[in-house]
Amino acid sequence: MSDVVDMGGPRIGDEERDAVDRVLRSGRLAQGPEVEAFEAELARDLAGTAHAVAVASGSAALDLSLVALGVGQGDEVVTTPFTFPATVNAVLRSGATVRFADIGDDFLIEPAAAAAAMTDRTALILAVHLYGLPCDADALAAMGRPVLEDAAQAHLATLGGRRAGSLGVAGCFSFYASKNMTTGEGGAVTTGDAELAERLRVLRNQGMRDRYDFAAIGWNLRLTEVAAAIGRAQLRRLPAWTAARRAVASMLSEALGDVEGVILPTVPAGRDHAWHRYTIRLDPSIDRDAVAAKMEADGIEARVYYSQVVPDMEPYVGHPRIDVSQPLERARAAARTVLSLPCHPGITEADVARMVASLRAAVSSAGGDRP
Ligand SMILES: Cc1ncc(COP(=O)(O)O)c(C=O)c1O
């Protein structure tokens with residue numbers, strides 16, 4: 001049996017091992033010069049912003065951004081129901097109310113739906129660049145509220161030549177192990193706003209402005225030196241990895257164009273996708289579980305991200321600070337029909353050929369004849 005074509009994982013090489021060794025030998029383990037250097041490199045090479053603040057996770061990036069932007073009780077945040085729950089959890093932790101707006105065919109919050117969901121209590125729009133495709137942040141910003149980017153999946157994605165993380169007031173990245181670059185656990189907020197960056201730095205470090213000079217009630221959401229050193233090595237390799245993801249995505253799209261019942265992901269003009277996930281939609285008459293099972297039997301991982309919209313998940317149903325008064329049917333339809341295929345730098349042309357043959361066969365045996 002040939003190797004499994006998997007969804008990908010952390011890519012660790014000598015660069016990362018040497019970086020960890022360097023930190024261990026230095027004896028400095030908590031936030032210090034590696035974090036500072038990582039931040040300068042993130043600002044320059046990841047988002048193209050003046051500032052980056054490294055934190056313990058993508059969730060920490062969202063938590064701190066919401067607080068630093070003054071979002072809390074009595075405010076409303078408009079966001080997408082079709083995301084990983086971390087997006088919504090951060091808003092609920094802030095004390096604000098979540099108002100969901102439906103998505104378009106690109107799986108992203110639709111500007112017109114976001115406008116319809118807004119009220120005069122709406123403090124900001126939280127735009128999730130799902131799967132690595134940037135939202136139309138300009139159309140969202142035209143609604144007159146700040147746009148906070150959940151760029152957890154969108155490293156090096158672009159909109160009109162500008163990078164994810166620089167499209168709104170701030171961008172929140174994750175460096176979790178499954179992401180396009182990783183520090184194990186980690187995250188960052190990128191922003192062009194110097195005062196916001198300073199507030200974030202203070203809040204991540206127990207509210208300390210200077211040694212034992214406290215300006216706010218903060219958290220410990222710092223990144224470690226080991227994590228930052230790994231991140232610096234990963235960031236240097238990210239452009240090549242992103243190009244490899246784009247090459248795999250084009251091969252997949254080219255080869256799958258004529259498969260009946262499969263709708264391919266599209267990239268609107270003026271955007272570059274980061275291809276965190278290559279996600280197709282299956283015609284509703286096709287049994288998605290049967291397709292995934294058949295592919296698995298062929299040694300190919302195909303996964304569903306995400307099988308439910310967040311407001312339909314148990315902890316969120318009936319939540320007093322969740323508003324589901326807007327139609328969310330396109331998001332629910334996406335949750336029923338999406339399927340992600342392996343798309344990462346480890347995928348070869350031969351893997352693509354296997355995936356295509358397997359999906360083609362799986363779709364023709366799992367479709368059409370269901371009641
Ligand atoms: C869309 C989205 N937002 C937020 C997060 C949270 O990031 P983290 O797991 O680093 O806390 C993730 C990833 O897990 C994510 O995919």
# chains A, B, ... in the order shown; residues from 1 in each chain; ligands from 1
$ closest_atom_pairs --of "chain A" --to "ligand 1" --cutoff "10 Å" --atoms "only C-alpha atoms and all ligand atoms" --output "JSON lines"
{"residue": "A:Val55", "atom": "CA", "partner": "ligand 1", "partner_atom_place_in_ligand_line": "10 (O)", "distance": 9.4}
{"residue": "A:Ala56", "atom": "CA", "partner": "ligand 1", "partner_atom_place_in_ligand_line": "10 (O)", "distance": 7.7}
{"residue": "A:Ser57", "atom": "CA", "partner": "ligand 1", "partner_atom_place_in_ligand_line": "10 (O)", "distance": 4.0}
{"residue": "A:Gly58", "atom": "CA", "partner": "ligand 1", "partner_atom_place_in_ligand_line": "10 (O)", "distance": 3.5}
{"residue": "A:Ser59", "atom": "CA", "partner": "ligand 1", "partner_atom_place_in_ligand_line": "11 (O)", "distance": 3.6}
{"residue": "A:Ala60", "atom": "CA", "partner": "ligand 1", "partner_atom_place_in_ligand_line": "11 (O)", "distance": 6.4}
{"residue": "A:Ala61", "atom": "CA", "partner": "ligand 1", "partner_atom_place_in_ligand_line": "11 (O)", "distance": 7.9}
{"residue": "A:Leu62", "atom": "CA", "partner": "ligand 1", "partner_atom_place_in_ligand_line": "4 (C)", "distance": 7.5}
{"residue": "A:Asp63", "atom": "CA", "partner": "ligand 1", "partner_atom_place_in_ligand_line": "11 (O)", "distance": 9.7}
{"residue": "A:Phe82", "atom": "CA", "partner": "ligand 1", "partner_atom_place_in_ligand_line": "1 (C)", "distance": 9.2}
{"residue": "A:Thr83", "atom": "CA", "partner": "ligand 1", "partner_atom_place_in_ligand_line": "1 (C)", "distance": 5.6}
{"residue": "A:Phe84", "atom": "CA", "partner": "ligand 1", "partner_atom_place_in_ligand_line": "1 (C)", "distance": 5.0}
{"residue": "A:Pro85", "atom": "CA", "partner": "ligand 1", "partner_atom_place_in_ligand_line": "3 (N)", "distance": 7.2}
{"residue": "A:Ala86", "atom": "CA", "partner": "ligand 1", "partner_atom_place_in_ligand_line": "4 (C)", "distance": 4.7}
{"residue": "A:Thr87", "atom": "CA", "partner": "ligand 1", "partner_atom_place_in_ligand_line": "3 (N)", "distance": 4.8}
{"residue": "A:Val88", "atom": "CA", "partner": "ligand 1", "partner_atom_place_in_ligand_line": "3 (N)", "distance": 8.4}
{"residue": "A:Asn89", "atom": "CA", "partner": "ligand 1", "partner_atom_place_in_ligand_line": "4 (C)", "distance": 9.1}
{"residue": "A:Ala90", "atom": "CA", "partner": "ligand 1", "partner_atom_place_in_ligand_line": "4 (C)", "distance": 8.6}
{"residue": "A:Ala127", "atom": "CA", "partner": "ligand 1", "partner_atom_place_in_ligand_line": "1 (C)", "distance": 9.5}
{"residue": "A:Val128", "atom": "CA", "partner": "ligand 1", "partner_atom_place_in_ligand_line": "1 (C)", "distance": 6.0}
{"residue": "A:His129", "atom": "CA", "partner": "ligand 1", "partner_atom_place_in_ligand_line": "1 (C)", "distance": 7.2}
{"residue": "A:Leu130", "atom": "CA", "partner": "ligand 1", "partner_atom_place_in_ligand_line": "1 (C)", "distance": 6.1}
{"residue": "A:Tyr131", "atom": "CA", "partner": "ligand 1", "partner_atom_place_in_ligand_line": "1 (C)", "distance": 8.0}
{"residue": "A:Gly132", "atom": "CA", "partner": "ligand 1", "partner_atom_place_in_ligand_line": "1 (C)", "distance": 9.2}
{"residue": "A:Glu149", "atom": "CA", "partner": "ligand 1", "partner_atom_place_in_ligand_line": "3 (N)", "distance": 9.5}
{"residue": "A:Asp150", "atom": "CA", "partner": "ligand 1", "partner_atom_place_in_ligand_line": "3 (N)", "distance": 5.8}
{"residue": "A:Ala151", "atom": "CA", "partner": "ligand 1", "partner_atom_place_in_ligand_line": "1 (C)", "distance": 6.9}
{"residue": "A:Ala152", "atom": "CA", "partner": "ligand 1", "partner_atom_place_in_ligand_line": "2 (C)", "distance": 4.8}
{"residue": "A:Gln153", "atom": "CA", "partner": "ligand 1", "partner_atom_place_in_ligand_line": "16 (O)", "distance": 5.7}
{"residue": "A:Ala154", "atom": "CA", "partner": "ligand 1", "partner_atom_place_in_ligand_line": "1 (C)", "distance": 8.9}
{"residue": "A:Cys172", "atom": "CA", "partner": "ligand 1", "partner_atom_place_in_ligand_line": "4 (C)", "distance": 7.9}
{"residue": "A:Phe173", "atom": "CA", "partner": "ligand 1", "partner_atom_place_in_ligand_line": "7 (O)", "distance": 7.2}
{"residue": "A:Ser174", "atom": "CA", "partner": "ligand 1", "partner_atom_place_in_ligand_line": "10 (O)", "distance": 4.1}
{"residue": "A:Phe175", "atom": "CA", "partner": "ligand 1", "partner_atom_place_in_ligand_line": "10 (O)", "distance": 5.7}
{"residue": "A:Tyr176", "atom": "CA", "partner": "ligand 1", "partner_atom_place_in_ligand_line": "10 (O)", "distance": 4.7}
{"residue": "A:Ala177", "atom": "CA", "partner": "ligand 1", "partner_atom_place_in_ligand_line": "10 (O)", "distance": 8.4}
{"residue": "A:Ser178", "atom": "CA", "partner": "ligand 1", "partner_atom_place_in_ligand_line": "14 (O)", "distance": 8.0}
{"residue": "A:Lys179", "atom": "CA", "partner": "ligand 1", "partner_atom_place_in_ligand_line": "13 (C)", "distance": 7.6}
{"residue": "A:Thr182", "atom": "CA", "partner": "ligand 1", "partner_atom_place_in_ligand_line": "10 (O)", "distance": 9.3}
{"residue": "A:Thr183", "atom": "CA", "partner": "ligand 1", "partner_atom_place_in_ligand_line": "10 (O)", "distance": 9.6}
{"residue": "A:Gly184", "atom": "CA", "partner": "ligand 1", "partner_atom_place_in_ligand_line": "10 (O)", "distance": 8.8}
{"residue": "A:Glu185", "atom": "CA", "partner": "ligand 1", "partner_atom_place_in_ligand_line": "10 (O)", "distance": 6.0}
{"residue": "A:Gly186", "atom": "CA", "partner": "ligand 1", "partner_atom_place_in_ligand_line": "10 (O)", "distance": 5.7}
{"residue": "A:Gly187", "atom": "CA", "partner": "ligand 1", "partner_atom_place_in_ligand_line": "10 (O)", "distance": 5.8}
{"residue": "A:Ala188", "atom": "CA", "partner": "ligand 1", "partner_atom_place_in_ligand_line": "10 (O)", "distance": 9.1}
{"residue": "A:His276", "atom": "CA", "partner": "ligand 1", "partner_atom_place_in_ligand_line": "16 (O)", "distance": 9.4}
{"residue": "A:Tyr305", "atom": "CA", "partner": "ligand 1", "partner_atom_place_in_ligand_line": "16 (O)", "distance": 9.6}
$ select_by_dssp --residues "region 106-330 of chain A" --states "strand (DSSP E)" --output "PyMOL selection string"
chain A and resi 122-128+147-150+158-159+162-163+170-174+187-191+208-210+213-214+262-263+271-272+278-282+322-323
$ closest_residue --among "A:Leu148, A:Leu359, A:Ala194, A:Leu24" --to "Val262 (chain A)" --atoms "only C-alpha atoms"
A:Leu359
$ closest_residue --among "A:Ile263, A:Val291, A:Leu29, A:Ala229" --to "Glu15 (chain A)" --atoms "only C-alpha atoms"
A:Ala229
$ decode --residues "region 37-166 of chain A" --atoms "C-alpha atoms" --output "CSV table (one decimal), in the first residue's frame"
chain,number,residue,atom,x,y,z
A,37,ALA,CA,13.4,40.1,16.5
A,38,PHE,CA,10.5,37.9,15.6
A,39,GLU,CA,8.2,40.8,15.9
A,40,ALA,CA,10.3,43.0,13.6
A,41,GLU,CA,10.4,40.2,11.0
A,42,LEU,CA,6.7,39.6,11.3
A,43,ALA,CA,5.9,43.2,10.7
A,44,ARG,CA,8.2,43.4,7.7
A,45,ASP,CA,7.8,39.9,6.1
A,46,LEU,CA,4.4,38.6,7.2
A,47,ALA,CA,2.0,41.5,7.2
A,48,GLY,CA,3.9,44.5,5.9
A,49,THR,CA,2.8,46.6,8.8
A,50,ALA,CA,4.7,49.0,11.1
A,51,HIS,CA,4.1,46.8,14.1
A,52,ALA,CA,3.7,43.2,15.2
A,53,VAL,CA,3.0,42.0,18.8
A,54,ALA,CA,3.8,38.3,19.4
A,55,VAL,CA,1.4,36.5,21.8
A,56,ALA,CA,0.7,33.0,23.1
A,57,SER,CA,-1.9,32.0,20.5
A,58,GLY,CA,-4.2,33.2,17.7
A,59,SER,CA,-6.9,33.3,20.4
A,60,ALA,CA,-4.8,35.5,22.6
A,61,ALA,CA,-4.3,37.8,19.5
A,62,LEU,CA,-8.1,38.1,19.2
A,63,ASP,CA,-8.7,38.6,22.9
A,64,LEU,CA,-6.1,41.3,23.3
A,65,SER,CA,-7.1,43.1,20.1
A,66,LEU,CA,-10.8,43.3,21.1
A,67,VAL,CA,-9.9,44.6,24.5
A,68,ALA,CA,-7.3,47.0,23.1
A,69,LEU,CA,-9.8,48.3,20.7
A,70,GLY,CA,-12.2,49.0,23.5
A,71,VAL,CA,-14.8,46.3,22.5
A,72,GLY,CA,-16.8,45.0,25.4
A,73,GLN,CA,-20.2,44.7,27.1
A,74,GLY,CA,-22.9,46.5,25.3
A,75,ASP,CA,-21.1,46.4,22.0
A,76,GLU,CA,-21.9,44.2,19.0
A,77,VAL,CA,-19.4,42.5,16.7
A,78,VAL,CA,-20.6,41.4,13.3
A,79,THR,CA,-18.9,38.2,12.0
A,80,THR,CA,-19.3,35.0,10.0
A,81,PRO,CA,-21.0,31.9,11.4
A,82,PHE,CA,-18.7,29.7,9.1
A,83,THR,CA,-15.5,29.7,11.0
A,84,PHE,CA,-13.5,27.9,13.7
A,85,PRO,CA,-15.2,28.6,17.1
A,86,ALA,CA,-12.1,30.4,18.4
A,87,THR,CA,-13.3,33.5,16.4
A,88,VAL,CA,-16.6,33.6,18.2
A,89,ASN,CA,-15.2,32.5,21.6
A,90,ALA,CA,-13.0,35.6,21.7
A,91,VAL,CA,-15.9,38.0,21.1
A,92,LEU,CA,-18.0,36.3,23.7
A,93,ARG,CA,-15.1,36.5,26.2
A,94,SER,CA,-14.9,40.2,25.5
A,95,GLY,CA,-18.4,40.7,26.8
A,96,ALA,CA,-19.7,41.8,23.4
A,97,THR,CA,-22.7,40.4,21.5
A,98,VAL,CA,-22.1,38.4,18.3
A,99,ARG,CA,-24.3,39.2,15.3
A,100,PHE,CA,-23.8,36.7,12.5
A,101,ALA,CA,-24.0,37.6,8.8
A,102,ASP,CA,-24.2,35.1,6.0
A,103,ILE,CA,-21.4,34.2,3.6
A,104,GLY,CA,-20.9,34.3,-0.2
A,105,ASP,CA,-19.8,31.6,-2.6
A,106,ASP,CA,-16.2,32.3,-1.6
A,107,PHE,CA,-17.1,31.1,2.0
A,108,LEU,CA,-16.4,34.6,3.4
A,109,ILE,CA,-18.7,37.0,5.2
A,110,GLU,CA,-20.6,38.9,2.5
A,111,PRO,CA,-20.3,42.7,2.7
A,112,ALA,CA,-24.1,43.2,1.9
A,113,ALA,CA,-25.0,40.6,4.6
A,114,ALA,CA,-22.6,42.3,7.1
A,115,ALA,CA,-24.3,45.7,6.4
A,116,ALA,CA,-27.7,44.1,7.0
A,117,ALA,CA,-26.5,42.7,10.3
A,118,MET,CA,-25.2,46.0,11.6
A,119,THR,CA,-26.9,48.2,14.2
A,120,ASP,CA,-25.8,51.4,15.9
A,121,ARG,CA,-24.3,49.3,18.6
A,122,THR,CA,-21.9,47.5,16.1
A,123,ALA,CA,-18.4,48.3,17.2
A,124,LEU,CA,-16.5,46.4,14.6
A,125,ILE,CA,-16.6,43.8,11.9
A,126,LEU,CA,-14.5,40.7,12.6
A,127,ALA,CA,-13.5,39.5,9.1
A,128,VAL,CA,-12.3,35.9,9.0
A,129,HIS,CA,-10.0,35.1,6.0
A,130,LEU,CA,-11.3,31.5,6.0
A,131,TYR,CA,-9.1,28.8,4.4
A,132,GLY,CA,-6.5,31.5,3.6
A,133,LEU,CA,-8.6,33.7,1.2
A,134,PRO,CA,-8.8,37.3,2.3
A,135,CYS,CA,-12.2,39.0,2.8
A,136,ASP,CA,-13.0,42.1,0.8
A,137,ALA,CA,-11.8,44.2,3.7
A,138,ASP,CA,-12.3,47.4,1.7
A,139,ALA,CA,-16.0,46.7,1.0
A,140,LEU,CA,-16.4,45.8,4.7
A,141,ALA,CA,-14.6,49.0,5.9
A,142,ALA,CA,-16.9,51.0,3.7
A,143,MET,CA,-19.7,50.1,6.2
A,144,GLY,CA,-18.1,52.7,8.5
A,145,ARG,CA,-16.8,50.4,11.3
A,146,PRO,CA,-13.3,49.2,12.0
A,147,VAL,CA,-12.4,45.9,10.5
A,148,LEU,CA,-10.4,43.4,12.6
A,149,GLU,CA,-8.9,40.6,10.6
A,150,ASP,CA,-8.9,37.0,11.8
A,151,ALA,CA,-5.9,36.1,9.7
A,152,ALA,CA,-5.3,32.9,11.6
A,153,GLN,CA,-5.3,30.9,8.3
A,154,ALA,CA,-4.1,33.6,5.9
A,155,HIS,CA,-0.3,33.9,6.1
A,156,LEU,CA,0.9,35.8,3.0
A,157,ALA,CA,-2.6,36.1,1.4
A,158,THR,CA,-3.1,39.4,-0.4
A,159,LEU,CA,-5.9,41.7,-1.4
A,160,GLY,CA,-5.0,44.3,-4.1
A,161,GLY,CA,-1.3,43.7,-3.4
A,162,ARG,CA,-1.7,44.4,0.4
A,163,ARG,CA,-1.1,41.5,2.7
A,164,ALA,CA,-3.5,39.9,5.2
A,165,GLY,CA,-2.9,41.5,8.5
A,166,SER,CA,-2.5,45.0,7.0
